[in-house]
>>> print(open('entry.pdb').read())   # PDB, C-alpha atoms, pLDDT in the B column
MODEL        1
ATOM      1  CA  MET P   1      18.518 -20.436  -6.834  1.00 67.00           C
ATOM      2  CA  ALA P   2      16.979 -22.043  -3.756  1.00 93.00           C
ATOM      3  CA  VAL P   3      14.790 -19.474  -2.015  1.00 95.00           C
ATOM      4  CA  ALA P   4      13.491 -20.431   1.427  1.00 95.00           C
ATOM      5  CA  LEU P   5      11.973 -18.826   4.480  1.00 96.00           C
ATOM      6  CA  THR P   6      13.008 -19.262   8.088  1.00 94.00           C
ATOM      7  CA  PRO P   7      11.302 -17.688  11.115  1.00 93.00           C
ATOM      8  CA  PHE P   8      12.902 -14.680  12.777  1.00 90.00           C
ATOM      9  CA  ARG P   9      14.093 -15.449  16.327  1.00 86.00           C
ATOM     10  CA  ASP P  10      13.975 -12.025  18.020  1.00 74.00           C
ATOM     11  CA  GLU P  11      17.158 -11.204  19.955  1.00 73.00           C
ATOM     12  CA  LEU P  12      19.197 -13.977  18.309  1.00 75.00           C
ATOM     13  CA  ASP P  13      18.614 -12.507  14.843  1.00 88.00           C
ATOM     14  CA  GLU P  14      18.680  -8.797  15.662  1.00 91.00           C
ATOM     15  CA  PRO P  15      22.330  -8.207  14.592  1.00 93.00           C
ATOM     16  CA  ALA P  16      21.621  -9.739  11.171  1.00 93.00           C
ATOM     17  CA  LEU P  17      18.465  -7.652  10.834  1.00 94.00           C
ATOM     18  CA  VAL P  18      20.397  -4.474  11.648  1.00 95.00           C
ATOM     19  CA  ALA P  19      23.009  -5.458   9.063  1.00 95.00           C
ATOM     20  CA  ILE P  20      20.425  -6.061   6.293  1.00 95.00           C
ATOM     21  CA  LEU P  21      18.624  -2.790   6.999  1.00 95.00           C
ATOM     22  CA  SER P  22      21.687  -0.582   7.413  1.00 95.00           C
ATOM     23  CA  SER P  23      23.853  -1.955   4.589  1.00 95.00           C
ATOM     24  CA  ASN P  24      21.286  -1.669   1.781  1.00 95.00           C
ATOM     25  CA  THR P  25      19.285   1.096   0.193  1.00 93.00           C
ATOM     26  CA  PHE P  26      15.523   0.827  -0.092  1.00 94.00           C
ATOM     27  CA  PRO P  27      14.697   3.637  -2.533  1.00 92.00           C
ATOM     28  CA  PHE P  28      10.918   3.133  -2.429  1.00 91.00           C
ATOM     29  CA  HIS P  29      10.565   3.206   1.363  1.00 88.00           C
ATOM     30  CA  SER P  30      10.017   6.211   3.596  1.00 83.00           C
ATOM     31  CA  SER P  31      13.500   5.689   5.049  1.00 86.00           C
ATOM     32  CA  PRO P  32      15.582   4.715   1.993  1.00 88.00           C
ATOM     33  CA  GLU P  33      18.955   4.501   3.757  1.00 91.00           C
ATOM     34  CA  PRO P  34      18.351   3.416   7.342  1.00 92.00           C
ATOM     35  CA  SER P  35      21.322   3.599   9.671  1.00 93.00           C
ATOM     36  CA  ALA P  36      22.151   1.015  12.300  1.00 94.00           C
ATOM     37  CA  ALA P  37      20.636   3.402  14.878  1.00 95.00           C
ATOM     38  CA  ASP P  38      17.418   3.594  12.793  1.00 94.00           C
ATOM     39  CA  ALA P  39      17.274  -0.206  12.632  1.00 93.00           C
ATOM     40  CA  HIS P  40      17.815  -0.534  16.383  1.00 93.00           C
ATOM     41  CA  ALA P  41      15.059   2.023  16.998  1.00 94.00           C
ATOM     42  CA  ARG P  42      12.612   0.010  14.866  1.00 91.00           C
ATOM     43  CA  ILE P  43      13.548  -3.171  16.699  1.00 92.00           C
ATOM     44  CA  ASP P  44      13.257  -1.484  20.107  1.00 91.00           C
ATOM     45  CA  SER P  45       9.808  -0.138  19.196  1.00 92.00           C
ATOM     46  CA  GLY P  46       8.558  -3.703  18.699  1.00 90.00           C
ATOM     47  CA  SER P  47       8.241  -3.563  14.907  1.00 91.00           C
ATOM     48  CA  PHE P  48       9.534  -7.136  14.576  1.00 91.00           C
ATOM     49  CA  ARG P  49       8.151  -8.820  17.695  1.00 90.00           C
ATOM     50  CA  LEU P  50       5.414 -11.351  18.197  1.00 87.00           C
ATOM     51  CA  PRO P  51       2.514 -11.476  18.638  1.00 90.00           C
ATOM     52  CA  ASP P  52       1.653  -8.525  16.395  1.00 93.00           C
ATOM     53  CA  ASN P  53       4.419  -9.214  13.864  1.00 94.00           C
ATOM     54  CA  GLU P  54       5.436 -12.410  12.147  1.00 95.00           C
ATOM     55  CA  VAL P  55       8.816 -12.139  10.465  1.00 95.00           C
ATOM     56  CA  TYR P  56      10.556 -14.536   8.081  1.00 96.00           C
ATOM     57  CA  TRP P  57      14.090 -14.406   6.820  1.00 96.00           C
ATOM     58  CA  ILE P  58      14.412 -14.806   3.074  1.00 97.00           C
ATOM     59  CA  THR P  59      17.377 -16.975   2.188  1.00 96.00           C
ATOM     60  CA  ASP P  60      18.822 -17.677  -1.230  1.00 95.00           C
ATOM     61  CA  ASP P  61      21.067 -20.731  -1.366  1.00 93.00           C
ATOM     62  CA  GLY P  62      21.306 -20.550   2.436  1.00 91.00           C
ATOM     63  CA  GLU P  63      22.346 -16.881   2.585  1.00 93.00           C
ATOM     64  CA  ARG P  64      20.075 -14.324   4.251  1.00 95.00           C
ATOM     65  CA  VAL P  65      19.113 -11.806   1.593  1.00 96.00           C
ATOM     66  CA  GLY P  66      16.080 -10.119   3.121  1.00 96.00           C
ATOM     67  CA  PHE P  67      12.950 -10.503   5.183  1.00 96.00           C
ATOM     68  CA  VAL P  68       9.196 -10.309   5.014  1.00 97.00           C
ATOM     69  CA  ASN P  69       7.435  -8.848   8.040  1.00 96.00           C
ATOM     70  CA  PHE P  70       3.704  -9.394   8.455  1.00 97.00           C
ATOM     71  CA  GLN P  71       2.464  -6.577  10.685  1.00 96.00           C
ATOM     72  CA  GLU P  72      -0.845  -6.282  12.532  1.00 95.00           C
ATOM     73  CA  MET P  73      -1.181 -10.058  12.891  1.00 95.00           C
ATOM     74  CA  SER P  74      -3.938  -9.617  15.466  1.00 91.00           C
ATOM     75  CA  ASP P  75      -6.081  -8.196  12.666  1.00 88.00           C
ATOM     76  CA  ASP P  76      -7.672 -10.486  10.087  1.00 86.00           C
ATOM     77  CA  ALA P  77      -5.745  -8.618   7.375  1.00 95.00           C
ATOM     78  CA  PRO P  78      -2.038  -8.223   8.150  1.00 97.00           C
ATOM     79  CA  VAL P  79       0.078  -5.800   6.136  1.00 97.00           C
ATOM     80  CA  LEU P  80       3.403  -6.990   4.750  1.00 97.00           C
ATOM     81  CA  ASP P  81       6.798  -5.346   4.426  1.00 96.00           C
ATOM     82  CA  LEU P  82       9.177  -7.203   2.097  1.00 97.00           C
ATOM     83  CA  ARG P  83      12.789  -6.065   1.886  1.00 96.00           C
ATOM     84  CA  LEU P  84      15.565  -7.537  -0.226  1.00 97.00           C
ATOM     85  CA  ALA P  85      19.276  -6.805  -0.160  1.00 96.00           C
ATOM     86  CA  GLN P  86      20.418  -5.091  -3.339  1.00 94.00           C
ATOM     87  CA  ARG P  87      22.351  -8.184  -4.477  1.00 94.00           C
ATOM     88  CA  ALA P  88      19.143 -10.279  -4.442  1.00 95.00           C
ATOM     89  CA  ARG P  89      16.960  -7.951  -6.500  1.00 96.00           C
ATOM     90  CA  GLY P  90      15.883  -8.599 -10.074  1.00 93.00           C
ATOM     91  CA  ARG P  91      16.359 -12.380  -9.916  1.00 94.00           C
ATOM     92  CA  GLY P  92      12.912 -13.638  -8.898  1.00 95.00           C
ATOM     93  CA  VAL P  93      13.777 -13.964  -5.207  1.00 97.00           C
ATOM     94  CA  GLY P  94      10.997 -11.597  -4.127  1.00 96.00           C
ATOM     95  CA  THR P  95       8.342 -13.481  -6.077  1.00 97.00           C
ATOM     96  CA  GLN P  96       9.385 -16.851  -4.660  1.00 97.00           C
ATOM     97  CA  ALA P  97       9.610 -15.439  -1.139  1.00 98.00           C
ATOM     98  CA  LEU P  98       6.208 -13.742  -1.256  1.00 98.00           C
ATOM     99  CA  ARG P  99       4.529 -16.906  -2.550  1.00 98.00           C
ATOM    100  CA  GLN P 100       6.064 -18.950   0.270  1.00 97.00           C
ATOM    101  CA  ALA P 101       5.302 -16.306   2.899  1.00 98.00           C
ATOM    102  CA  THR P 102       1.680 -15.985   1.780  1.00 98.00           C
ATOM    103  CA  THR P 103       1.276 -19.750   2.034  1.00 98.00           C
ATOM    104  CA  ALA P 104       2.920 -19.786   5.472  1.00 97.00           C
ATOM    105  CA  VAL P 105       0.568 -17.140   6.877  1.00 97.00           C
ATOM    106  CA  PHE P 106      -2.644 -18.544   5.390  1.00 97.00           C
ATOM    107  CA  THR P 107      -1.704 -22.073   6.475  1.00 97.00           C
ATOM    108  CA  ALA P 108      -0.747 -21.170  10.050  1.00 96.00           C
ATOM    109  CA  HIS P 109      -3.550 -18.659  10.640  1.00 96.00           C
ATOM    110  CA  PRO P 110      -6.970 -19.916   9.466  1.00 96.00           C
ATOM    111  CA  ALA P 111      -8.727 -16.770  10.763  1.00 95.00           C
ATOM    112  CA  ILE P 112      -6.759 -14.505   8.423  1.00 96.00           C
ATOM    113  CA  ASN P 113      -8.835 -13.818   5.323  1.00 96.00           C
ATOM    114  CA  ARG P 114      -6.587 -11.386   3.461  1.00 97.00           C
ATOM    115  CA  ILE P 115      -3.040 -10.081   3.334  1.00 98.00           C
ATOM    116  CA  GLU P 116      -2.329  -6.532   2.242  1.00 98.00           C
ATOM    117  CA  GLY P 117       0.676  -4.642   0.945  1.00 98.00           C
ATOM    118  CA  VAL P 118       1.280  -1.032  -0.042  1.00 97.00           C
ATOM    119  CA  THR P 119       4.073   0.335  -2.187  1.00 96.00           C
ATOM    120  CA  ARG P 120       4.937   3.519  -4.001  1.00 95.00           C
ATOM    121  CA  HIS P 121       3.219   3.773  -7.371  1.00 96.00           C
ATOM    122  CA  ASP P 122       6.557   3.882  -9.191  1.00 94.00           C
ATOM    123  CA  ASN P 123       7.956   0.740  -7.534  1.00 95.00           C
ATOM    124  CA  ILE P 124       7.374  -1.362 -10.627  1.00 97.00           C
ATOM    125  CA  ALA P 125       9.442  -4.294  -9.311  1.00 96.00           C
ATOM    126  CA  MET P 126       7.280  -4.720  -6.189  1.00 97.00           C
ATOM    127  CA  ARG P 127       4.073  -4.161  -8.115  1.00 98.00           C
ATOM    128  CA  THR P 128       5.163  -6.932 -10.489  1.00 97.00           C
ATOM    129  CA  VAL P 129       5.916  -9.248  -7.562  1.00 97.00           C
ATOM    130  CA  PHE P 130       2.448  -8.606  -6.142  1.00 98.00           C
ATOM    131  CA  ALA P 131       0.809  -9.382  -9.497  1.00 97.00           C
ATOM    132  CA  HIS P 132       2.863 -12.566 -10.042  1.00 97.00           C
ATOM    133  CA  CYS P 133       1.813 -13.787  -6.580  1.00 97.00           C
ATOM    134  CA  GLY P 134      -1.932 -13.299  -7.078  1.00 97.00           C
ATOM    135  CA  TYR P 135      -2.217 -10.021  -5.202  1.00 98.00           C
ATOM    136  CA  VAL P 136      -4.742  -7.665  -6.772  1.00 97.00           C
ATOM    137  CA  LEU P 137      -4.446  -3.908  -7.146  1.00 97.00           C
ATOM    138  CA  GLU P 138      -7.247  -2.572  -4.947  1.00 97.00           C
ATOM    139  CA  ALA P 139      -6.305   1.030  -4.291  1.00 96.00           C
ATOM    140  CA  HIS P 140      -4.419   4.050  -5.527  1.00 97.00           C
ATOM    141  CA  TYR P 141      -3.614   6.564  -2.805  1.00 97.00           C
ATOM    142  CA  ARG P 142      -2.856  10.067  -4.069  1.00 97.00           C
ATOM    143  CA  GLN P 143       0.103  11.862  -2.445  1.00 95.00           C
ATOM    144  CA  ALA P 144       0.090   9.361   0.423  1.00 93.00           C
ATOM    145  CA  TRP P 145       3.738   8.284   0.566  1.00 88.00           C
ATOM    146  CA  PRO P 146       6.917  10.199   1.322  1.00 85.00           C
ATOM    147  CA  GLY P 147       8.636  10.611  -2.011  1.00 81.00           C
ATOM    148  CA  PRO P 148      11.963  11.786  -3.312  1.00 78.00           C
ATOM    149  CA  SER P 149      13.003  15.254  -2.192  1.00 78.00           C
ATOM    150  CA  GLY P 150      10.368  15.220   0.540  1.00 80.00           C
ATOM    151  CA  MET P 151       7.480  15.679  -1.878  1.00 88.00           C
ATOM    152  CA  PRO P 152       4.554  13.278  -1.339  1.00 93.00           C
ATOM    153  CA  THR P 153       3.967  10.731  -4.054  1.00 93.00           C
ATOM    154  CA  ASP P 154       1.234   8.244  -4.837  1.00 96.00           C
ATOM    155  CA  ALA P 155       1.019   4.737  -3.409  1.00 96.00           C
ATOM    156  CA  THR P 156      -0.793   1.603  -4.509  1.00 98.00           C
ATOM    157  CA  GLY P 157      -2.509  -0.992  -2.352  1.00 98.00           C
ATOM    158  CA  TYR P 158      -2.569  -4.693  -3.183  1.00 98.00           C
ATOM    159  CA  ALA P 159      -4.192  -7.633  -1.414  1.00 98.00           C
ATOM    160  CA  ILE P 160      -4.777 -11.340  -1.744  1.00 98.00           C
ATOM    161  CA  ILE P 161      -7.799 -13.008  -0.220  1.00 98.00           C
ATOM    162  CA  ARG P 162      -7.804 -16.533   1.141  1.00 98.00           C
ATOM    163  CA  HIS P 163     -10.290 -17.759  -1.485  1.00 97.00           C
ATOM    164  CA  ASP P 164      -8.069 -16.576  -4.341  1.00 97.00           C
ATOM    165  CA  TRP P 165      -4.995 -18.156  -2.727  1.00 98.00           C
ATOM    166  CA  GLN P 166      -6.834 -21.466  -2.241  1.00 97.00           C
ATOM    167  CA  THR P 167      -8.316 -21.634  -5.738  1.00 97.00           C
ATOM    168  CA  GLY P 168      -5.655 -19.863  -7.783  1.00 95.00           C
ATOM    169  CA  GLN P 169      -8.475 -17.761  -9.277  1.00 95.00           C
ATOM    170  CA  ILE P 170      -8.696 -13.982  -8.963  1.00 94.00           C
ATOM    171  CA  THR P 171     -12.030 -12.768  -7.635  1.00 93.00           C
ATOM    172  CA  PRO P 172     -13.088  -9.749  -9.726  1.00 90.00           C
ATOM    173  CA  ILE P 173     -13.435  -6.442  -7.919  1.00 91.00           C
ATOM    174  CA  ASP P 174     -16.941  -4.980  -7.908  1.00 90.00           C
ATOM    175  CA  TRP P 175     -16.214  -1.243  -8.336  1.00 86.00           C
ATOM    176  CA  ALA P 176     -19.929  -0.329  -8.220  1.00 85.00           C
TER     177      ALA P 176
ENDMDL
END
>>> encode(input="entry.pdb", output="structure tokens")
Amino acid sequence: MAVALTPFRDELDEPALVAILSSNTFPFHSSPEPSAADAHARIDSGSFRLPDNEVYWITDDGERVGFVNFQEMSDDAPVLDLRLAQRARGRGVGTQALRQATTAVFTAHPAINRIEGVTRHDNIAMRTVFAHCGYVLEAHYRQAWPGPSGMPTDATGYAIIRHDWQTGQITPIDWA
């Protein structure tokens, strides 16, 4: 497995982005089965455009298998959205991609001090990816995420700070 990242190129890559979003299910997202129209609407709204978003394709052995979108790049703490095609899940692709993407953002943007991510509390795969990549559980949000059958469910917030990324050491959280 050779996981790599390549930058998203706006209009040139939009058909591939629509295909990834509309041909896979994302059971832990608020829109688990986006249609092509849903994907086009997100693109048209600017959800993948610079300067406020920085998007990378995730490739595995040269094949596009997902993306990571860093949103709110004008803030010093962007929020990430990582999506993998079903065929790429459970093989370590997400962990490799998030490590590379974290390095790319911290290296290219010295003013960014932290990167955040939120996922449903029962998305054990993504929570494991966060932990393997040095992201720390910082929050538990009660009934904050659209859940199955329309009932709200809990979400968890993770983040990595620049110091921890640079040193490989986790800074303890002071809960006082």
>>> residues_around(input="entry.pdb", residues="region 87-89 of chain P", least_positions_apart="3", cutoff="10 Å", atoms="only C-alpha atoms", output="PyMOL selection string")
chain P and resi 24+58-60+64-66+83-84+92-94+125
>>> closest_atom_pairs(input="entry.pdb", of="region 26-141 of chain P", to="region 145-165 of chain P", cutoff="12 Å", atoms="only C-alpha atoms", output="tab-separated table")
residue	atom	partner	partner_atom	distance
P:Phe26	CA	P:Pro148	CA	12.0
P:Pro27	CA	P:Pro148	CA	8.6
P:Phe28	CA	P:Gly147	CA	7.8
P:His29	CA	P:Pro146	CA	7.9
P:Ser30	CA	P:Pro146	CA	5.5
P:Ser31	CA	P:Pro146	CA	8.8
P:Pro32	CA	P:Pro148	CA	9.6
P:Asp76	CA	P:Ile161	CA	10.6
P:Ala77	CA	P:Ala159	CA	9.0
P:Pro78	CA	P:Ala159	CA	9.8
P:Val79	CA	P:Ala159	CA	8.9
P:Leu80	CA	P:Ala159	CA	9.8
P:Leu98	CA	P:Ile160	CA	11.3
P:Arg99	CA	P:Trp165	CA	9.6
P:Gln100	CA	P:Trp165	CA	11.5
P:Ala101	CA	P:Trp165	CA	11.9
P:Thr102	CA	P:Trp165	CA	8.3
P:Thr103	CA	P:Trp165	CA	8.0
P:Ala104	CA	P:Trp165	CA	11.5
P:Val105	CA	P:Arg162	CA	10.2
P:Phe106	CA	P:Arg162	CA	7.0
P:Thr107	CA	P:Arg162	CA	9.8
P:His109	CA	P:Arg162	CA	10.6
P:Pro110	CA	P:Arg162	CA	9.0
P:Ala111	CA	P:Arg162	CA	9.7
P:Ile112	CA	P:Arg162	CA	7.6
P:Asn113	CA	P:Arg162	CA	5.1
P:Arg114	CA	P:Ile161	CA	4.2
P:Ile115	CA	P:Ala159	CA	5.5
P:Glu116	CA	P:Ala159	CA	4.2
P:Gly117	CA	P:Tyr158	CA	5.3
P:Val118	CA	P:Gly157	CA	4.4
P:Thr119	CA	P:Ala155	CA	5.5
P:Arg120	CA	P:Ala155	CA	4.1
P:His121	CA	P:Ala155	CA	4.6
P:Asp122	CA	P:Ala155	CA	8.1
P:Asn123	CA	P:Ala155	CA	9.0
P:Ile124	CA	P:Thr156	CA	10.6
P:Met126	CA	P:Tyr158	CA	10.3
P:Arg127	CA	P:Tyr158	CA	8.3
P:Thr128	CA	P:Tyr158	CA	10.9
P:Val129	CA	P:Tyr158	CA	10.6
P:Phe130	CA	P:Tyr158	CA	7.0
P:Ala131	CA	P:Tyr158	CA	8.6
P:His132	CA	P:Ile160	CA	11.3
P:Cys133	CA	P:Ile160	CA	8.5
P:Gly134	CA	P:Ile160	CA	6.4
P:Tyr135	CA	P:Ile160	CA	4.5
P:Val136	CA	P:Tyr158	CA	5.1
P:Leu137	CA	P:Tyr158	CA	4.5
P:Glu138	CA	P:Tyr158	CA	5.4
P:Ala139	CA	P:Gly157	CA	4.7
P:His140	CA	P:Thr156	CA	4.5
P:Tyr141	CA	P:Ala155	CA	5.0
>>> residues_around(input="entry.pdb", residues="Ser74 (chain P)", least_positions_apart="5", cutoff="9 Å", atoms="all atoms listed in the file", output="number ranges by chain")
P: 51-53
>>> closest_residue(input="entry.pdb", among="P:Val3, P:Ala36, P:Leu17, P:Ile170", to="Phe48 (chain P)", atoms="all atoms listed in the file")
P:Leu17
>>> residues_around(input="entry.pdb", residues="Arg49 (chain P)", least_positions_apart="4", cutoff="10 Å", atoms="all atoms listed in the file", output="JSON list (two decimals) with C-alpha atoms, in the frame of the given file")
[["chain", "number", "residue", "atom", "x", "y", "z"],
["P", 8, "PHE", "CA", 12.90, -14.68, 12.78],
["P", 9, "ARG", "CA", 14.09, -15.45, 16.33],
["P", 10, "ASP", "CA", 13.98, -12.02, 18.02],
["P", 11, "GLU", "CA", 17.16, -11.20, 19.95],
["P", 43, "ILE", "CA", 13.55, -3.17, 16.70],
["P", 44, "ASP", "CA", 13.26, -1.48, 20.11],
["P", 45, "SER", "CA", 9.81, -0.14, 19.20],
["P", 53, "ASN", "CA", 4.42, -9.21, 13.86],
["P", 54, "GLU", "CA", 5.44, -12.41, 12.15],
["P", 55, "VAL", "CA", 8.82, -12.14, 10.46],
["P", 69, "ASN", "CA", 7.44, -8.85, 8.04],
["P", 71, "GLN", "CA", 2.46, -6.58, 10.68]]
>>> closest_residue(input="entry.pdb", among="P:Gly46, P:Glu63, P:Gln143, P:Ser23", to="Thr6 (chain P)", atoms="all atoms listed in the file")
P:Glu63
>>> atom_distance(input="entry.pdb", atom1="CA of Asp81 (chain P)", atom2="CA of Thr95 (chain P)")
13.4 Å
>>> closest_residue(input="entry.pdb", among="P:Ala97, P:Trp57, P:Gly62, P:Arg142", to="Glu14 (chain P)", atoms="all atoms listed in the file")
P:Trp57
>>> atom_distance(input="entry.pdb", atom1="CA of Arg91 (chain P)", atom2="CA of Ala2 (chain P)")
11.5 Å
>>> closest_residue(input="entry.pdb", among="P:Ile173, P:Val68, P:Leu82, P:Ala144", to="Leu5 (chain P)", atoms="all atoms listed in the file")
P:Val68
>>> resolve_selection(input="entry.pdb", expression="the PyMOL selection byres ((chain P and resi 39) around 10)", output="PyMOL selection string")
chain P and resi 14-15+17-22+34-38+40-45+47
>>> write_last_selection(input="entry.pdb", atoms="C-alpha atoms", output="compact mmCIF listing (two decimals), in the coordinates of the input")
# COMPACT_ATOMS: atom_id res chain seq x y z
CA GLU P 14 18.68 -8.80 15.66
CA PRO P 15 22.33 -8.21 14.59
CA LEU P 17 18.46 -7.65 10.83
CA VAL P 18 20.40 -4.47 11.65
CA ALA P 19 23.01 -5.46 9.06
CA ILE P 20 20.42 -6.06 6.29
CA LEU P 21 18.62 -2.79 7.00
CA SER P 22 21.69 -0.58 7.41
CA PRO P 34 18.35 3.42 7.34
CA SER P 35 21.32 3.60 9.67
CA ALA P 36 22.15 1.01 12.30
CA ALA P 37 20.64 3.40 14.88
CA ASP P 38 17.42 3.59 12.79
CA HIS P 40 17.82 -0.53 16.38
CA ALA P 41 15.06 2.02 17.00
CA ARG P 42 12.61 0.01 14.87
CA ILE P 43 13.55 -3.17 16.70
CA ASP P 44 13.26 -1.48 20.11
CA SER P 45 9.81 -0.14 19.20
CA SER P 47 8.24 -3.56 14.91
